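Visitor: My structure is in coords27.txt, and what it holds is compact mmCIF, C-alpha atoms and all ligand atoms:
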# COMPACT_ATOMS: atom_id res chain seq x y z
CA MET A 2 101.64 51.14 121.31
CA TRP A 3 99.87 50.15 124.47
CA GLY A 4 96.64 52.07 124.99
CA ASN A 5 97.22 54.27 121.94
CA VAL A 6 94.42 55.20 119.60
CA MET A 7 94.52 52.92 116.55
CA LYS A 8 93.90 54.59 113.23
CA CYS A 9 91.80 52.74 110.66
CA PRO A 10 94.01 52.01 107.61
CA TYR A 11 90.99 52.34 105.29
CA CYS A 12 89.30 55.59 106.31
CA GLY A 13 91.71 57.04 108.87
CA GLY A 14 88.98 56.92 111.51
CA LEU A 15 90.29 57.02 115.07
CA ASP A 16 87.49 55.11 116.74
CA SER A 17 87.51 51.33 116.68
CA LYS A 18 86.27 48.45 118.77
CA VAL A 19 88.37 45.43 119.71
CA VAL A 20 86.71 42.26 118.43
CA ASP A 21 89.46 39.80 119.33
CA SER A 22 92.68 39.87 121.38
CA ARG A 23 95.54 37.45 121.41
CA SER A 24 98.66 37.62 123.56
CA LEU A 25 101.94 37.25 121.76
CA ASP A 26 105.44 37.08 123.22
CA GLU A 27 106.06 40.76 122.62
CA GLY A 28 102.62 42.23 123.03
CA VAL A 29 99.04 41.80 121.94
CA ARG A 30 97.52 41.20 118.52
CA ARG A 31 94.08 42.77 118.22
CA ARG A 32 91.38 42.49 115.59
CA ARG A 33 89.55 45.77 115.45
CA SER A 34 86.39 46.95 113.82
CA CYS A 35 86.34 50.56 112.65
CA SER A 36 83.37 52.44 114.10
CA VAL A 37 83.40 54.85 111.17
CA CYS A 38 83.54 52.61 108.05
CA GLY A 39 83.08 49.18 109.59
CA ALA A 40 86.33 47.77 108.15
CA ARG A 41 88.23 45.18 110.14
CA PHE A 42 91.97 45.50 110.66
CA THR A 43 94.67 44.02 112.86
CA THR A 44 97.00 45.89 115.18
CA TYR A 45 100.09 44.67 116.95
CA GLU A 46 100.57 46.43 120.22
CA ARG A 47 103.77 46.08 122.12
CA VAL A 48 103.56 45.70 125.89
CA GLN A 49 106.34 48.25 126.16
CA PRO A 50 104.91 51.77 126.16
CA HIS A 51 108.10 53.55 127.20
CA ASN A 52 111.67 52.93 128.21
CA ILE A 53 112.41 52.16 131.80
CA PHE A 54 115.74 52.88 133.37
CA VAL A 55 117.02 50.91 136.28
CA ALA A 56 118.80 52.92 138.97
CA LYS A 57 121.54 50.78 140.42
CA LYS A 58 122.91 50.96 143.93
CA ASP A 59 126.19 52.49 142.74
CA GLY A 60 124.29 55.38 141.15
CA ARG A 61 124.52 54.17 137.56
CA ARG A 62 121.43 53.93 135.37
CA GLU A 63 120.86 51.42 132.65
CA GLU A 64 117.96 50.60 130.41
CA PHE A 65 115.70 47.85 131.74
CA ASN A 66 116.65 44.60 130.09
CA ARG A 67 114.22 41.70 130.20
CA ASP A 68 116.96 39.21 129.27
CA LYS A 69 119.05 40.27 132.20
CA LEU A 70 116.14 39.90 134.60
CA SER A 71 115.32 36.58 133.03
CA ALA A 72 118.89 35.29 133.41
CA GLY A 73 118.92 36.09 137.14
CA ILE A 74 115.58 34.38 137.74
CA ARG A 75 116.48 31.35 135.64
CA LYS A 76 119.71 30.95 137.54
CA ALA A 77 117.85 31.01 140.86
CA CYS A 78 115.33 28.48 139.55
CA GLU A 79 117.94 26.15 138.05
CA LYS A 80 116.99 22.48 138.49
CA ARG A 81 113.92 23.39 140.54
CA PRO A 82 110.85 21.27 139.75
CA LEU A 83 108.76 24.10 138.33
CA PRO A 84 106.08 23.46 135.72
CA THR A 85 107.03 24.48 132.17
CA GLY A 86 106.21 28.09 131.48
CA THR A 87 106.19 29.12 135.14
CA ILE A 88 109.34 31.22 134.86
CA ASP A 89 108.19 32.92 131.66
CA LYS A 90 104.89 33.78 133.31
CA LEU A 91 106.73 35.16 136.32
CA ILE A 92 108.93 37.35 134.15
CA ASP A 93 105.95 38.55 132.06
CA ASN A 94 104.13 39.38 135.23
CA ILE A 95 107.00 41.45 136.64
CA GLU A 96 107.62 43.18 133.32
CA THR A 97 103.94 44.11 133.01
CA GLU A 98 103.92 45.45 136.56
CA LEU A 99 107.00 47.59 135.81
CA TYR A 100 105.52 49.06 132.63
CA HIS A 101 102.12 49.60 134.19
CA SER A 102 103.68 51.50 137.07
CA GLY A 103 104.17 54.30 134.54
CA LYS A 104 107.58 55.06 136.02
CA THR A 105 110.54 55.77 133.79
CA GLU A 106 113.11 55.05 136.47
CA ILE A 107 112.94 52.24 138.96
CA ALA A 108 115.49 51.30 141.61
CA SER A 109 117.10 47.91 141.05
CA SER A 110 116.17 47.03 144.64
CA VAL A 111 112.47 47.54 143.83
CA ILE A 112 112.73 45.12 140.92
CA GLY A 113 114.66 42.69 143.12
CA ASP A 114 111.88 42.87 145.71
CA LEU A 115 109.21 42.16 143.08
CA VAL A 116 111.11 39.02 142.10
CA ILE A 117 111.72 38.00 145.70
CA GLN A 118 108.04 38.38 146.65
CA ARG A 119 107.03 36.10 143.80
CA LEU A 120 109.76 33.51 144.28
CA GLU A 121 108.90 33.31 147.95
CA LYS A 122 105.46 31.99 147.01
CA LEU A 123 106.77 29.84 144.17
CA ASP A 124 109.80 27.97 145.40
CA HIS A 125 111.76 28.38 148.60
CA ILE A 126 115.11 27.28 147.23
CA ALA A 127 114.86 29.69 144.30
CA TYR A 128 113.82 32.38 146.76
CA ILE A 129 116.87 31.86 148.98
CA ARG A 130 119.20 31.76 145.98
CA PHE A 131 117.80 34.95 144.51
CA ALA A 132 117.55 36.78 147.81
CA SER A 133 121.11 35.88 148.74
CA VAL A 134 122.33 37.61 145.59
CA TYR A 135 119.99 40.61 145.54
CA ARG A 136 119.65 41.41 149.18
CA GLU A 137 123.31 40.63 149.66
CA PHE A 138 122.84 39.07 153.05
CA ALA A 139 125.39 40.83 155.23
CA ASP A 140 126.80 37.61 156.58
CA ILE A 141 126.01 33.94 156.90
CA GLY A 142 124.03 34.72 160.08
CA ALA A 143 121.56 36.89 158.15
CA LEU A 144 121.18 34.18 155.54
CA LYS A 145 120.62 31.54 158.21
CA GLN A 146 118.00 33.75 159.82
CA ALA A 147 116.10 33.95 156.53
CA VAL A 148 116.29 30.18 156.11
CA ASP A 149 115.13 29.61 159.69
CA MET A 150 112.22 31.96 159.15
CA ILE A 151 111.17 30.01 156.09
CA MET A 152 111.60 26.70 157.88
CA GLY A 153 109.39 28.05 160.67
CA GLU A 154 106.74 29.11 158.17
CA ARG A 155 106.94 25.74 156.52
CA THR A 156 106.11 23.98 159.74
CA LEU A 157 103.03 26.14 160.02
CA THR A 158 102.00 25.72 156.41
CA ALA A 159 103.05 22.12 155.90
CA ALA A 160 99.64 21.27 154.50
CA THR A 161 99.91 23.78 151.64
CA ASN A 162 101.21 22.92 148.22
CA GLN A 163 104.66 24.49 148.64
CA LEU A 164 107.46 22.58 147.01
CA PRO A 165 109.64 20.75 149.52
CA LEU A 166 112.60 22.74 150.80
CA LEU A 167 114.66 19.68 151.49
CA PRO A 168 114.85 16.54 149.41
CA THR A 169 112.75 13.78 150.93
ZN ZN B 1 87.48 52.97 108.89
Re-express the file's structure as structure tokens.
Ligand SMILES: [Zn+2]

Guide:
Amino acid sequence: MWGNVMKCPYCGGLDSKVVDSRSLDEGVRRRRSCSVCGARFTTYERVQPHNIFVAKKDGRREEFNRDKLSAGIRKACEKRPLPTGTIDKLIDNIETELYHSGKTEIASSVIGDLVIQRLEKLDHIAYIRFASVYREFADIGALKQAVDMIMGERTLTAATNQLPLLPT
């Protein structure tokens, strides 16, 4: 488990040094050297130290589900010209932030905002798509306002490397 003390399988010693770390899909693989007997052993530490529950707007709670988060983000990013691996990195990043917050219950709107903040920097179309679902723009006027705001920002930051909002 993340941050837990790793027991040496040879002598049972509780003190070890990390000699090598490698990120895996589900956590981190570490080579450790026991400070007591000097033996080397490998640990697999999951990124997930505890369960997180998502508090939904209607008052229901459900366990945080990476696949569900992933599906929403992928849908928003559909057919957007994003480099391979960008979406996975984004999801990893959000998941890590959630687990590192140490909270066991997080409002769905907080998670939505984390996604929105990142998509806003990544791709404007994906941002609008995601925000229109999660923030539930009250009406088309509110949505238009958000688009106008982005278009305004784009004029100011035209020289940056943002992906084009409109096909050229
Ligand atoms: Zn040992």

Visitor: For atom CA of Thr97 of chain A and atom CA of Phe42 of chain A, determine how far apart the two atoms are, in Å to one decimal place.

Guide: 25.4 Å

Visitor: At a cut-off of 8 Å, using only C-alpha atoms, what residues contact Val29 of chain A? Leave out same-chain residues fewer than 6 positions from it and give the result as a PyMOL selection string.

Guide: chain A and resi 22-23+45-48

Visitor: Which residues form the shell of 7 Å around ligand ZN 1 (chain B) when you count all atoms listed in the file, given as a ChimeraX atom specification?

Guide: /A:9-14,35-40

Visitor: Asp93 of chain A: which residues within 12 Å, counting only C-alpha atoms, same-chain residues fewer than 4 positions away excluded, as a list in words?

Guide: Ser24, Leu25, Asp26, Glu27, Gly28, Val48, Gln49, Arg67, Asp68, Leu70, Ser71, Ile74, Gly86, Thr87, Ile88, Asp89, Thr97, Glu98, Leu99, Tyr100, His101 and Val116 of chain A

Visitor: Identify, on the basis of all atoms listed in the file, every residue whose closest approach to Ser109 of chain A does not exceed 8 Å; exclude the query and any residue fewer than 3 positions from it along the same chain; express the result as a list in words.

Guide: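 Near neighbours after the sequence-gap exclusion: Val55, Ala56, Lys57, Lys58, Ile112 and Gly113 of chain A.
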
Visitor: Smallest atom-to-atom distance to Leu120 of chain A: which of A:Arg41, A:Lys18, A:Lys104, A:Arg75, using all atoms listed in the file?

Guide: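 Checking each candidate against Leu120 of chain A, we get A:Arg75 as the closest.
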
Visitor: Please provide as a VMD selection string all residues within 7 Å of Thr43 of chain A, with the sequence filter that same-chain residues fewer than 3 positions apart are discarded (counting only C-alpha atoms).

Guide: chain A and resid 30 to 33

Visitor: Please indicate the distance in Å from atom CA of His51 of chain A to atom CA of Lys90 of chain A, rounded to one decimal place.

Guide: 20.9 Å

Visitor: Nearest to Met150 of chain A among A:Ala77, A:Ile129, A:Leu15, A:Val134, with distances taken over all atoms listed in the file: which residue is it?

Guide: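 Checking each of A:Ala77, A:Ile129, A:Leu15, A:Val134 against Met150 of chain A, counting all atoms listed in the file, the winner is A:Ile129.
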
Visitor: Box in all listed atoms of segment 27-43 of chain A, axis-aligned, with 4 Å more on each side; write out centre and edge lengths in Å to one decimal as JSON.

Guide:
{"center_x": 94.6, "center_y": 47.8, "center_z": 115.5, "size_x": 31.0, "size_y": 22.1, "size_z": 23.0}

Visitor: Taking into account only C-alpha atoms, which residue in the set A:His125, A:Arg119, A:Arg62, A:Lys145 is nearest to Leu91 of chain A?

Guide: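 That would be A:Arg119, the residue with the smallest distance to Leu91 of chain A.
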
Visitor: Quick check, in Å to one decimal: how far apart do atom CA of Ile117 of chain A and atom CA of Arg130 of chain A lie?

Guide: 9.7 Å

Visitor: Determine the nearest neighbour of Leu115 of chain A from the options A:Ala127, A:Gln146, A:Ile92, A:Phe54, counting all atoms listed in the file.

Guide: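 Closest to Leu115 of chain A, using all atoms listed in the file: A:Ile92.
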
Visitor: Select all residues near (111.5, 26.7, 143.4) (cut-off 8 Å, inclusive, file coordinates), counting only C-alpha atoms, and output them as a PDB file with C-alpha atoms, keeping the file's coordinate frame.

Guide:
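Printed below is part.pdb as written:
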ATOM      1  CA  CYS A  78     115.330  28.480 139.550  1.00  0.00           C
ATOM      2  CA  ARG A  81     113.920  23.390 140.540  1.00  0.00           C
ATOM      3  CA  PRO A  82     110.850  21.270 139.750  1.00  0.00           C
ATOM      4  CA  LEU A  83     108.760  24.100 138.330  1.00  0.00           C
ATOM      5  CA  LEU A 120     109.760  33.510 144.280  1.00  0.00           C
ATOM      6  CA  LEU A 123     106.770  29.840 144.170  1.00  0.00           C
ATOM      7  CA  ASP A 124     109.800  27.970 145.400  1.00  0.00           C
ATOM      8  CA  HIS A 125     111.760  28.380 148.600  1.00  0.00           C
ATOM      9  CA  ILE A 126     115.110  27.280 147.230  1.00  0.00           C
ATOM     10  CA  ALA A 127     114.860  29.690 144.300  1.00  0.00           C
ATOM     11  CA  TYR A 128     113.820  32.380 146.760  1.00  0.00           C
ATOM     12  CA  LEU A 164     107.460  22.580 147.010  1.00  0.00           C
TER      13      LEU A 164
END
